[in-house]
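Here is run_11.cif, consisting of mmCIF, C-alpha atoms (C1' of nucleotides):
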```
data_coords
#
loop_
_atom_site.label_atom_id
_atom_site.label_comp_id
_atom_site.auth_asym_id
_atom_site.auth_seq_id
_atom_site.Cartn_x
_atom_site.Cartn_y
_atom_site.Cartn_z
CA MET A 275 -105.26 -37.41 107.29
CA ASN A 276 -105.63 -36.73 111.03
CA LYS A 277 -104.32 -33.90 113.22
CA THR A 278 -101.33 -35.91 114.47
CA GLU A 279 -100.14 -36.53 110.92
CA ILE A 280 -100.57 -32.83 110.08
CA GLN A 281 -98.54 -31.95 113.17
CA GLU A 282 -95.77 -34.30 112.05
CA ILE A 283 -95.65 -32.61 108.64
CA ILE A 284 -95.53 -29.13 110.19
CA LYS A 285 -92.80 -30.27 112.56
CA SER A 286 -90.60 -31.65 109.81
CA HIS A 287 -91.07 -28.66 107.50
CA PHE A 288 -90.57 -26.00 110.16
CA PRO A 289 -88.01 -27.53 112.53
CA THR A 290 -87.45 -24.28 114.44
CA LEU A 291 -90.97 -24.40 115.89
CA ASN A 292 -91.43 -25.62 119.44
CA ARG A 293 -93.98 -28.31 120.32
CA ASP A 294 -96.74 -25.92 121.43
CA SER A 295 -96.50 -23.81 118.30
CA VAL A 296 -96.77 -26.90 116.11
CA ILE A 297 -100.02 -27.83 117.85
CA ILE A 298 -101.46 -24.32 117.59
CA LEU A 299 -100.45 -24.02 113.93
CA SER A 300 -102.03 -27.38 113.11
CA LYS A 301 -105.41 -25.99 114.20
CA TYR A 302 -105.37 -23.65 111.24
CA ALA A 303 -104.02 -26.19 108.75
CA SER A 304 -105.84 -28.77 106.68
CA PHE A 305 -104.84 -31.44 104.19
CA LEU A 306 -106.00 -31.21 100.58
CA ASN A 307 -105.83 -33.65 97.69
CA LEU A 308 -106.67 -31.75 94.52
CA LYS A 309 -106.89 -32.48 90.80
CA LYS A 310 -104.73 -31.04 88.05
CA ARG A 311 -105.83 -27.59 86.85
CA THR A 312 -107.50 -26.66 90.17
CA GLU A 313 -107.03 -22.93 90.82
CA LEU A 314 -105.53 -22.25 94.25
CA ILE A 315 -105.55 -18.49 93.73
CA SER A 316 -107.54 -16.60 91.09
CA GLU A 317 -106.87 -13.24 89.53
CA ARG A 318 -108.85 -10.31 90.95
CA LYS A 319 -110.08 -12.35 93.92
CA ARG A 320 -109.11 -12.15 97.56
CA HIS A 321 -107.68 -15.29 99.13
CA HIS A 322 -107.40 -16.19 102.74
CA LYS A 323 -105.21 -19.26 102.49
CA PHE A 324 -101.64 -20.14 101.70
CA TYR A 325 -100.27 -23.58 100.92
CA LEU A 326 -97.37 -25.96 101.38
CA ILE A 327 -96.89 -28.44 98.52
CA LEU A 328 -96.48 -31.96 99.92
CA LYS A 329 -96.56 -33.60 96.51
CA GLY A 330 -97.18 -32.03 93.12
CA SER A 331 -96.52 -28.67 91.45
CA VAL A 332 -98.11 -25.36 90.51
CA LYS A 333 -97.63 -22.53 88.08
CA ALA A 334 -98.50 -18.87 88.63
CA TYR A 335 -99.37 -16.54 85.78
CA TYR A 336 -100.62 -13.08 84.98
CA THR A 337 -103.03 -12.48 82.12
CA LYS A 338 -101.77 -9.96 79.56
CA GLU A 339 -104.04 -9.28 76.57
CA SER A 340 -105.82 -12.60 77.19
CA LYS A 341 -102.51 -14.47 77.12
CA GLU A 342 -101.05 -16.32 80.10
CA VAL A 343 -97.61 -15.11 81.13
CA CYS A 344 -96.00 -17.30 83.79
CA SER A 345 -94.39 -15.60 86.75
CA TRP A 346 -93.20 -18.59 88.78
CA PHE A 347 -93.45 -22.30 89.44
CA ALA A 348 -93.38 -24.20 92.71
CA PHE A 349 -92.71 -27.83 93.56
CA GLU A 350 -92.59 -30.23 96.50
CA ASN A 351 -91.82 -28.70 99.91
CA GLU A 352 -92.32 -25.16 98.66
CA ILE A 353 -94.72 -22.52 99.97
CA VAL A 354 -97.42 -21.21 97.64
CA ALA A 355 -98.48 -17.63 98.40
CA THR A 356 -98.47 -14.18 96.94
CA ILE A 357 -97.66 -11.04 98.88
CA LYS A 358 -100.87 -9.45 97.61
CA ALA A 359 -103.02 -12.31 98.93
CA PHE A 360 -101.02 -12.37 102.16
CA ASN A 361 -101.83 -8.69 102.69
CA GLY A 362 -105.54 -9.33 102.11
CA LEU A 363 -105.56 -7.62 98.71
CA PRO A 364 -106.99 -9.09 95.50
CA SER A 365 -104.39 -11.21 93.74
CA ASN A 366 -103.18 -10.12 90.35
CA GLU A 367 -101.96 -13.56 89.47
CA THR A 368 -103.61 -16.93 89.12
CA VAL A 369 -102.05 -20.04 90.67
CA VAL A 370 -103.06 -23.40 89.23
CA LEU A 371 -102.04 -27.03 89.81
CA LEU A 372 -99.84 -28.53 87.10
CA GLU A 373 -100.76 -32.07 88.24
CA ASP A 374 -102.82 -33.88 90.89
CA SER A 375 -101.32 -32.61 94.13
CA LYS A 376 -101.34 -33.06 97.89
CA LEU A 377 -101.24 -29.81 99.85
CA LEU A 378 -101.34 -28.43 103.34
CA GLN A 379 -103.61 -25.38 103.48
CA PHE A 380 -103.14 -22.64 106.10
CA LYS A 381 -105.54 -19.87 107.08
CA THR A 382 -103.60 -16.69 106.49
CA GLU A 383 -105.53 -14.38 108.81
CA SER A 384 -105.52 -16.83 111.72
CA ILE A 385 -101.78 -17.29 111.43
CA LYS A 386 -101.17 -13.56 111.19
CA GLU A 387 -103.25 -13.21 114.36
CA LEU A 388 -101.18 -15.90 116.06
CA ALA A 389 -97.99 -14.11 115.07
CA LYS A 390 -99.13 -11.04 116.99
CA THR A 391 -98.87 -12.88 120.29
CA ASN A 392 -96.60 -15.86 119.53
CA LEU A 393 -92.94 -15.03 119.04
CA ASP A 394 -92.16 -18.46 117.64
CA ILE A 395 -94.71 -18.06 114.85
CA SER A 396 -93.76 -14.44 114.21
CA HIS A 397 -90.21 -15.68 113.66
CA LEU A 398 -91.43 -18.43 111.33
CA MET A 399 -93.35 -15.89 109.26
CA ASN A 400 -90.21 -13.78 109.09
CA CYS A 401 -88.25 -16.72 107.73
CA ILE A 402 -90.89 -17.57 105.14
CA ILE A 403 -91.09 -14.00 103.88
CA ILE A 404 -87.32 -13.62 103.79
CA GLU A 405 -87.08 -16.81 101.75
CA HIS A 406 -89.70 -15.41 99.38
CA ALA A 407 -87.75 -12.14 99.11
CA VAL A 408 -84.53 -14.05 98.35
CA PHE A 409 -86.40 -15.88 95.59
CA LEU A 410 -87.73 -12.59 94.18
CA GLU A 411 -84.30 -10.92 94.28
CA GLU A 412 -82.73 -13.87 92.47
CA LYS A 413 -85.42 -13.81 89.79
CA LEU A 414 -85.08 -10.06 89.38
CA TYR A 415 -81.32 -10.44 89.02
CA GLN A 416 -81.78 -13.07 86.33
CA LEU A 417 -84.34 -11.00 84.45
CA GLN A 418 -82.17 -7.90 84.51
CA PHE A 419 -78.68 -9.32 84.05
CA MET A 420 -78.89 -12.61 82.21
CA SER A 421 -79.78 -13.31 78.57
CA SER A 422 -82.77 -15.55 77.89
CA GLU A 423 -80.30 -18.31 77.03
CA GLU A 424 -78.50 -18.00 80.37
CA ARG A 425 -81.83 -17.90 82.18
CA TYR A 426 -82.98 -21.06 80.43
CA LYS A 427 -79.81 -22.84 81.54
CA ALA A 428 -80.23 -21.57 85.10
CA LEU A 429 -83.78 -22.90 85.09
CA THR A 430 -82.86 -26.36 83.84
CA ASN A 431 -79.89 -26.54 86.23
CA VAL A 432 -82.30 -26.34 89.17
CA GLY A 433 -83.51 -29.81 88.25
CA PRO A 434 -85.05 -31.91 85.51
CA GLU A 435 -88.56 -31.86 87.00
CA ILE A 436 -89.32 -28.42 85.64
CA LEU A 437 -88.96 -29.66 82.05
CA GLN A 438 -91.03 -32.75 82.81
CA LYS A 439 -93.89 -30.84 84.38
CA VAL A 440 -93.98 -27.43 82.72
CA SER A 441 -94.77 -26.88 79.03
CA LEU A 442 -92.25 -25.06 76.88
CA THR A 443 -94.92 -22.46 76.16
CA ASP A 444 -95.10 -21.67 79.87
CA ILE A 445 -91.31 -21.71 80.24
CA ALA A 446 -90.99 -19.32 77.28
CA SER A 447 -93.44 -16.86 78.84
CA TYR A 448 -91.63 -17.23 82.18
CA LEU A 449 -88.31 -16.40 80.50
CA GLY A 450 -89.87 -13.49 78.67
CA VAL A 451 -89.22 -14.79 75.16
CA SER A 452 -91.51 -16.17 72.45
CA ARG A 453 -92.11 -19.93 72.09
CA GLU A 454 -90.17 -19.88 68.85
CA THR A 455 -87.12 -18.21 70.35
CA LEU A 456 -87.05 -20.77 73.18
CA SER A 457 -87.27 -23.54 70.61
CA ARG A 458 -84.21 -22.08 68.85
CA ILE A 459 -82.32 -21.73 72.13
CA ARG A 460 -82.96 -25.41 72.85
CA LYS A 461 -81.80 -26.42 69.38
CA LYS A 462 -78.39 -24.80 69.89
CA LYS A 463 -77.39 -27.23 72.63
CA MET B 174 -78.12 14.47 117.34
CA ASN B 175 -78.89 13.03 120.77
CA LYS B 176 -80.72 9.84 121.82
CA THR B 177 -84.02 11.62 122.47
CA GLU B 178 -84.08 12.99 118.95
CA ILE B 179 -83.26 9.54 117.53
CA GLN B 180 -86.12 8.11 119.57
CA GLU B 181 -88.49 10.70 118.14
CA ILE B 182 -87.48 9.76 114.59
CA ILE B 183 -87.94 6.04 115.28
CA LYS B 184 -91.31 6.71 116.85
CA SER B 185 -92.60 8.70 113.90
CA HIS B 186 -91.31 6.25 111.29
CA PHE B 187 -92.51 3.11 113.05
CA PRO B 188 -95.73 4.19 114.77
CA THR B 189 -96.72 0.62 115.70
CA LEU B 190 -93.82 0.35 118.16
CA ASN B 191 -94.54 0.76 121.85
CA ARG B 192 -92.51 3.14 124.03
CA ASP B 193 -90.13 0.49 125.43
CA SER B 194 -89.31 -0.90 121.97
CA VAL B 195 -88.51 2.58 120.69
CA ILE B 196 -86.01 3.03 123.50
CA ILE B 197 -84.41 -0.38 122.98
CA LEU B 198 -84.22 0.13 119.22
CA SER B 199 -82.61 3.53 119.65
CA LYS B 200 -79.66 1.86 121.44
CA TYR B 201 -78.69 0.23 118.17
CA ALA B 202 -79.31 3.24 115.98
CA SER B 203 -77.06 6.16 115.16
CA PHE B 204 -77.33 9.31 113.10
CA LEU B 205 -75.11 9.84 110.07
CA ASN B 206 -74.48 12.82 107.84
CA LEU B 207 -72.61 11.59 104.77
CA LYS B 208 -71.26 13.07 101.54
CA LYS B 209 -72.40 12.29 98.01
CA ARG B 210 -70.84 9.12 96.54
CA THR B 211 -70.26 7.49 99.95
CA GLU B 212 -70.76 3.72 99.65
CA LEU B 213 -73.21 2.38 102.21
CA ILE B 214 -72.88 -1.18 100.96
CA SER B 215 -70.08 -2.54 98.76
CA GLU B 216 -70.10 -5.50 96.42
CA ARG B 217 -68.52 -8.71 97.76
CA LYS B 218 -68.38 -7.36 101.31
CA ARG B 219 -70.44 -8.29 104.34
CA HIS B 220 -72.41 -5.50 105.96
CA HIS B 221 -73.83 -5.33 109.41
CA LYS B 222 -75.96 -2.24 109.11
CA PHE B 223 -79.13 -1.12 107.46
CA TYR B 224 -80.34 2.44 107.01
CA LEU B 225 -83.33 4.75 107.03
CA ILE B 226 -83.01 7.77 104.75
CA LEU B 227 -83.98 10.93 106.63
CA LYS B 228 -82.89 13.24 103.84
CA GLY B 229 -81.21 12.38 100.55
CA SER B 230 -81.17 9.49 98.12
CA VAL B 231 -79.23 6.38 97.06
CA LYS B 232 -78.81 4.12 94.07
CA ALA B 233 -78.02 0.41 94.11
CA TYR B 234 -76.19 -1.32 91.27
CA TYR B 235 -74.61 -4.58 90.21
CA THR B 236 -71.39 -4.65 88.22
CA LYS B 237 -71.68 -6.54 84.93
CA GLU B 238 -68.55 -6.66 82.78
CA SER B 239 -67.23 -3.57 84.60
CA LYS B 240 -70.42 -1.65 83.86
CA GLU B 241 -72.82 -0.43 86.51
CA VAL B 242 -76.36 -1.73 86.14
CA CYS B 243 -78.80 -0.08 88.54
CA SER B 244 -81.21 -2.30 90.43
CA TRP B 245 -83.08 0.24 92.54
CA PHE B 246 -83.19 3.74 93.98
CA ALA B 247 -84.35 4.93 97.38
CA PHE B 248 -85.41 8.32 98.69
CA GLU B 249 -86.54 10.05 101.87
CA ASN B 250 -88.28 7.88 104.48
CA GLU B 251 -87.26 4.65 102.77
CA ILE B 252 -85.27 1.75 104.18
CA VAL B 253 -81.93 0.86 102.59
CA ALA B 254 -81.01 -2.80 102.90
CA THR B 255 -80.40 -5.90 100.82
CA ILE B 256 -81.65 -9.35 101.70
CA LYS B 257 -78.15 -10.73 101.22
CA ALA B 258 -76.65 -8.27 103.69
CA PHE B 259 -79.56 -8.82 106.07
CA ASN B 260 -78.81 -12.55 106.04
CA GLY B 261 -75.14 -11.91 106.83
CA LEU B 262 -73.98 -12.87 103.34
CA PRO B 263 -71.67 -10.79 101.11
CA SER B 264 -73.70 -8.30 99.11
CA ASN B 265 -73.74 -8.61 95.36
CA GLU B 266 -74.78 -5.06 94.88
CA THR B 267 -73.25 -1.71 95.77
CA VAL B 268 -75.33 1.05 97.36
CA VAL B 269 -74.06 4.61 97.03
CA LEU B 270 -75.35 8.05 97.99
CA LEU B 271 -76.65 10.16 95.09
CA GLU B 272 -76.29 13.36 97.16
CA ASP B 273 -75.21 14.54 100.63
CA SER B 274 -77.61 12.66 102.91
CA LYS B 275 -78.78 12.32 106.49
CA LEU B 276 -79.36 8.71 107.60
CA LEU B 277 -80.27 6.65 110.59
CA GLN B 278 -78.04 3.57 110.81
CA PHE B 279 -79.18 0.35 112.52
CA LYS B 280 -77.09 -2.62 113.62
CA THR B 281 -78.63 -5.58 111.78
CA GLU B 282 -77.41 -8.35 114.07
CA SER B 283 -78.43 -6.57 117.26
CA ILE B 284 -81.92 -5.97 115.93
CA LYS B 285 -82.28 -9.56 114.72
CA GLU B 286 -81.28 -10.62 118.24
CA LEU B 287 -83.88 -8.29 119.73
CA ALA B 288 -86.54 -9.74 117.42
CA LYS B 289 -85.93 -13.19 118.91
CA THR B 290 -87.27 -12.08 122.27
CA ASN B 291 -89.28 -8.95 121.48
CA LEU B 292 -92.59 -9.55 119.70
CA ASP B 293 -93.02 -5.88 118.89
CA ILE B 294 -89.72 -5.74 117.03
CA SER B 295 -90.29 -9.10 115.36
CA HIS B 296 -93.53 -7.67 114.00
CA LEU B 297 -91.75 -4.54 112.80
CA MET B 298 -89.18 -6.65 110.96
CA ASN B 299 -92.04 -8.57 109.36
CA CYS B 300 -93.58 -5.35 108.10
CA ILE B 301 -90.29 -4.06 106.72
CA ILE B 302 -89.59 -7.30 104.86
CA ILE B 303 -93.14 -7.52 103.52
CA GLU B 304 -92.82 -3.98 102.22
CA HIS B 305 -89.56 -4.95 100.55
CA ALA B 306 -91.22 -8.02 98.99
CA VAL B 307 -94.10 -5.89 97.69
CA PHE B 308 -91.52 -3.61 96.07
CA LEU B 309 -89.70 -6.57 94.52
CA GLU B 310 -92.92 -8.13 93.18
CA GLU B 311 -93.96 -4.83 91.62
CA LYS B 312 -90.57 -4.42 89.97
CA LEU B 313 -90.63 -7.99 88.71
CA TYR B 314 -94.09 -7.42 87.28
CA GLN B 315 -92.91 -4.32 85.47
CA LEU B 316 -89.81 -6.04 84.11
CA GLN B 317 -91.76 -9.03 82.85
CA PHE B 318 -95.00 -7.47 81.62
CA MET B 319 -94.34 -3.90 80.64
CA SER B 320 -92.39 -2.49 77.70
CA SER B 321 -89.43 -0.25 78.47
CA GLU B 322 -91.60 2.69 77.41
CA GLU B 323 -94.36 1.77 79.88
CA ARG B 324 -91.78 1.20 82.61
CA TYR B 325 -90.25 4.62 82.00
CA LYS B 326 -93.66 6.24 82.35
CA ALA B 327 -94.37 4.27 85.52
CA LEU B 328 -91.04 5.45 86.95
CA THR B 329 -91.65 9.12 86.18
CA ASN B 330 -95.22 8.91 87.48
CA VAL B 331 -93.86 8.03 90.94
CA GLY B 332 -92.59 11.58 91.18
CA PRO B 333 -90.33 14.17 89.59
CA GLU B 334 -87.49 13.69 92.08
CA ILE B 335 -86.19 10.59 90.36
CA LEU B 336 -85.45 12.55 87.18
CA GLN B 337 -83.88 15.36 89.17
CA LYS B 338 -81.56 13.11 91.15
CA VAL B 339 -80.80 10.12 88.94
CA SER B 340 -78.86 10.31 85.67
CA LEU B 341 -80.51 9.02 82.50
CA THR B 342 -77.65 6.54 82.15
CA ASP B 343 -78.62 5.01 85.51
CA ILE B 344 -82.32 5.07 84.65
CA ALA B 345 -81.60 3.33 81.33
CA SER B 346 -79.68 0.53 83.05
CA TYR B 347 -82.44 0.29 85.66
CA LEU B 348 -85.05 -0.08 82.90
CA GLY B 349 -82.88 -2.64 81.12
CA VAL B 350 -82.40 -0.66 77.93
CA SER B 351 -79.42 1.18 76.44
CA ARG B 352 -78.91 4.91 77.04
CA GLU B 353 -79.64 5.53 73.37
CA THR B 354 -82.96 3.69 73.46
CA LEU B 355 -84.06 5.63 76.55
CA SER B 356 -83.12 8.85 74.78
CA ARG B 357 -85.39 7.86 71.86
CA ILE B 358 -88.23 6.90 74.21
CA ARG B 359 -88.00 10.36 75.79
CA LYS B 360 -87.99 12.06 72.42
CA LYS B 361 -91.31 10.44 71.45
CA LYS B 362 -93.28 12.34 74.09
"C1'" DG C 249 -106.27 -47.45 68.72
"C1'" DT C 250 -107.61 -43.63 66.04
"C1'" DG C 251 -108.94 -39.08 65.09
"C1'" DA C 252 -108.76 -34.61 67.16
"C1'" DT C 253 -106.43 -31.33 69.73
"C1'" DT C 254 -102.52 -29.40 71.67
"C1'" DT C 255 -97.65 -28.67 71.79
"C1'" DT C 256 -93.32 -28.01 69.64
"C1'" DG C 257 -90.20 -26.99 65.78
"C1'" DT C 258 -88.74 -24.48 61.40
"C1'" DG C 259 -88.36 -20.94 57.79
"C1'" DA C 260 -89.04 -16.22 56.03
"C1'" DT C 261 -89.78 -11.57 57.02
"C1'" DA C 262 -90.48 -7.36 59.78
"C1'" DA C 263 -89.77 -4.74 63.85
"C1'" DT C 264 -87.08 -3.58 67.78
"C1'" DT C 265 -83.11 -2.63 70.08
"C1'" DG C 266 -78.07 -2.59 70.69
"C1'" DT C 267 -73.66 -0.85 69.18
"C1'" DC C 268 -70.50 2.36 67.42
"C1'" DA C 269 -69.25 7.02 66.21
"C1'" DA C 270 -69.79 11.65 66.54
"C1'" DA C 271 -72.01 16.02 67.98
"C1'" DT C 272 -74.16 18.78 71.28
"C1'" DG C 273 -75.25 20.25 75.92
"C1'" DA C 274 -74.33 20.48 80.85
"C1'" DT C 275 -71.30 20.44 84.90
"C1'" DT C 276 -67.17 20.43 87.36
"C1'" DT C 277 -62.55 21.93 88.41
"C1'" DC C 278 -58.84 24.85 88.90
"C1'" DG D 75 -64.52 31.88 83.33
"C1'" DA D 76 -62.25 28.69 80.25
"C1'" DA D 77 -60.80 24.05 79.74
"C1'" DA D 78 -61.82 19.64 80.73
"C1'" DT D 79 -64.87 16.20 81.86
"C1'" DC D 80 -69.21 14.02 81.86
"C1'" DA D 81 -74.07 13.33 80.22
"C1'" DT D 82 -77.27 13.21 76.58
"C1'" DT D 83 -78.80 13.09 71.85
"C1'" DT D 84 -78.67 11.64 67.06
"C1'" DG D 85 -77.65 8.86 62.91
"C1'" DA D 86 -76.21 4.65 60.52
"C1'" DC D 87 -75.84 -0.06 60.71
"C1'" DA D 88 -75.85 -4.81 62.69
"C1'" DA D 89 -77.76 -8.19 65.62
"C1'" DT D 90 -81.49 -10.06 68.01
"C1'" DT D 91 -86.04 -11.34 68.54
"C1'" DA D 92 -91.04 -11.25 67.42
"C1'" DT D 93 -94.48 -12.52 64.32
"C1'" DC D 94 -96.75 -15.21 60.96
"C1'" DA D 95 -97.51 -19.37 58.48
"C1'" DC D 96 -97.24 -23.97 58.50
"C1'" DA D 97 -95.24 -28.76 59.46
"C1'" DA D 98 -94.19 -32.37 62.65
"C1'" DA D 99 -94.68 -34.57 66.98
"C1'" DA D 100 -96.90 -35.60 71.13
"C1'" DT D 101 -100.93 -36.03 73.94
"C1'" DC D 102 -105.81 -36.51 74.91
"C1'" DA D 103 -110.51 -38.21 74.55
"C1'" DC D 104 -113.60 -41.57 73.31
#
```
Reformat the file's structure so that it appears as structure tokens.
Amino acid sequence: MNKTEIQEIIKSHFPTLNRDSVIILSKYASFLNLKKRTELISERKRHHKFYLILKGSVKAYYTKESKEVCSWFAFENEIVATIKAFNGLPSNETVVLLEDSKLLQFKTESIKELAKTNLDISHLMNCIIIEHAVFLEEKLYQLQFMSSEERYKALTNVGPEILQKVSLTDIASYLGVSRETLSRIRKKK
Amino acid sequence: MNKTEIQEIIKSHFPTLNRDSVIILSKYASFLNLKKRTELISERKRHHKFYLILKGSVKAYYTKESKEVCSWFAFENEIVATIKAFNGLPSNETVVLLEDSKLLQFKTESIKELAKTNLDISHLMNCIIIEHAVFLEEKLYQLQFMSSEERYKALTNVGPEILQKVSLTDIASYLGVSRETLSRIRKKK
DNA sequence: GTGATTTTGTGATAATTGTCAAATGATTTC
DNA sequence: GAAATCATTTGACAATTATCACAAAATCAC
């Protein structure tokens, strides 16, 4: 994939950006084609990249007593990043590909530098972080106010791809219930 | 409180701002001295302000089957805002003063407008939202990975003021357990 | 394609937590 | 300062969910 193609992708994903900003941003972006189970972000390590999923999917998980507990999933056209990594701190979650995926990789530090002088990119970063915060608030609301059954329904209502791509074990840990309880929830309906 | 004093407060709370930005920002800020139980943000209503607590405290809650369920608390030197309100959407939580409080009130729309042309303020907004996202991620982590007992300890470790100012009923709903269960957790230690 | 491995489903039991009811303790109001 | 209101604690019981053990189904590797 060449620079022009990368610019086209950036343009279509971030339509608020002006032409110059697209070109500058593309200098710190690169295309990746990675195999299933590749770790994009690893626990306890610092990471200097964030990603846009062009095709494929990822899961993020914490490790609790040597068990994986999923914290989120991401699919096509979504941004993959953690606030910790974005702030230059060691991540406390691991992010791994659920399938062979095509990604656009961005250099976090370079783009944060750009944002210091480029209003257009500062605004873009604002939008991305706000979107992330909206996602977090919604998830928090679900965790605090909905039963595991309601949360399961909310998850499946988003689309069928989550059930196709994510194992029920991972979904159970994401919902905060045991595999067995999820199995019984599914049986009901 | 006059404009110069407001400028001094803004300067000390947001030390990255340059002199001009402090002055511009102060045009959209005003000082408030409000009584306990005043609602800063009300459920189902749109709000066009956000706040900095100079002295005092607030709680935020959702209403679930006519019961209050607390989602967060804020104290001195913290920002009071919700992403929903910030995006111009009706809030789904209510924010209310826990005691007589002194606040600095900012006009959300005016400051978002400023951020479109002022890099300094755009950067400030970035920082505020990132801080909010860090807070949300931490809370999500606690809700998903820690027992109610561990979460209670984490809450009290932040400082004694939370126990002085917030009722155990509110803390129980915040932790996601019943009043009775919290009472038994407290008895253990 | 077949055996091996992983994932998912089911039953029985134990542990945790919620709910209801009532008592005690603290605070507010007049 | 006493009555009234509100907050917290405690006990008994019911409901929910986790855990363990194992069976069935699906998927993977060669």
* To do: Could you state which residues are captured by the PyMOL selection byres ((chain C and resi 260-272) around 9) in this file, as a list in words?
  =>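 When the PyMOL selection byres ((chain C and resi 260-272) around 9) is applied to the shown file, the picked residues are Val350, Ser351, Glu353 and Thr354 of chain B; DG259 and DG273 of chain C; DT82, DT83, DT84, DC87, DA88, DA89, DT90, DT91, DA92, DT93 and DC94 of chain D.
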* To do: Give the residues of chain C that lie within 12 Å of chain A; count all atoms listed in the file, and format the answer as JSON, numbers by chain.
  => {"C": [254, 255, 256, 257, 258, 259]}
* Excluding same-chain residues fewer than 3 positions from Ile214 in chain B, what lies within 8 Å of it counting all atoms listed in the file, as a list in words? ->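 Contacts, in chain order: Lys218, His220, Ser264, Glu266, Thr267, Val268 and Val269 of chain B.
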* Non-local contacts of Glu238 in chain B (12 Å; only C-alpha atoms (C1' of nucleotides); under 4 positions in same chain excluded) as an MDAnalysis selection string -> (chainID A and resid 419:420) or (chainID B and resid 242)
* **Exercise: residues within 10 Å of coordinate (-102.4, -18.1, 115.4), counting only C-alpha atoms (C1' of nucleotides), as a list in words** =>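 Collected hits near the coordinates: Ser295, Ile298, Leu299, Ser300, Lys301, Tyr302, Lys381, Thr382, Glu383, Ser384, Ile385, Lys386, Glu387, Leu388, Ala389, Lys390, Thr391, Asn392, Ile395 and Ser396 of chain A.
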* Identify which of the residues B:Phe279, B:Val339, B:Glu241, B:Tyr347 lies closest to chain D, counting all atoms listed in the file when measuring atom-to-atom distances. =>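 Of all the options, B:Val339 lies closest to chain D.
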* To do: Let me know the residues the PyMOL selection byres ((chain A and resi 275-290) around 10) catches in the file above, as a PyMOL selection string.
  => chain A and resi 291-293+295-301+303-306+326+328+351-352+378+394-395+397-398+401-402
Keeping C-alpha atoms, export the residues of the selection given above as a short mmCIF file (atom, residue, chain, number, x, y, z; two decimals), in the frame of the given file.
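Okay, out.cif is ready:
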```cif
data_model
loop_
_atom_site.label_atom_id
_atom_site.label_comp_id
_atom_site.auth_asym_id
_atom_site.auth_seq_id
_atom_site.Cartn_x
_atom_site.Cartn_y
_atom_site.Cartn_z
CA LEU A 291 -90.97 -24.40 115.89
CA ASN A 292 -91.43 -25.62 119.44
CA ARG A 293 -93.98 -28.31 120.32
CA SER A 295 -96.50 -23.81 118.30
CA VAL A 296 -96.77 -26.90 116.11
CA ILE A 297 -100.02 -27.83 117.85
CA ILE A 298 -101.46 -24.32 117.59
CA LEU A 299 -100.45 -24.02 113.93
CA SER A 300 -102.03 -27.38 113.11
CA LYS A 301 -105.41 -25.99 114.20
CA ALA A 303 -104.02 -26.19 108.75
CA SER A 304 -105.84 -28.77 106.68
CA PHE A 305 -104.84 -31.44 104.19
CA LEU A 306 -106.00 -31.21 100.58
CA LEU A 326 -97.37 -25.96 101.38
CA LEU A 328 -96.48 -31.96 99.92
CA ASN A 351 -91.82 -28.70 99.91
CA GLU A 352 -92.32 -25.16 98.66
CA LEU A 378 -101.34 -28.43 103.34
CA ASP A 394 -92.16 -18.46 117.64
CA ILE A 395 -94.71 -18.06 114.85
CA HIS A 397 -90.21 -15.68 113.66
CA LEU A 398 -91.43 -18.43 111.33
CA CYS A 401 -88.25 -16.72 107.73
CA ILE A 402 -90.89 -17.57 105.14
#
```
* Asked: Hey, can you check how far CA of Phe223 in chain B sits from CA of Asn400 in chain A?
  ->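 Taking CA of Phe223 in chain B and CA of Asn400 in chain A, their separation equals 16.9 Å.
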* Asked: Any chance you could work out the residue set of the PyMOL selection byres ((chain B) within 6 of (chain A)) here, as a list of chain:residue names?
  ->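 Applying the expression gives B:Leu292, B:Asn299, B:Ala306, B:Leu313.
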For those residues, write C-alpha atoms to a file as a short mmCIF file (atom, residue, chain, number, x, y, z; two decimals), in the coordinates of the input.
```
data_model
loop_
_atom_site.label_atom_id
_atom_site.label_comp_id
_atom_site.auth_asym_id
_atom_site.auth_seq_id
_atom_site.Cartn_x
_atom_site.Cartn_y
_atom_site.Cartn_z
CA LEU B 292 -92.59 -9.55 119.70
CA ASN B 299 -92.04 -8.57 109.36
CA ALA B 306 -91.22 -8.02 98.99
CA LEU B 313 -90.63 -7.99 88.71
#
```
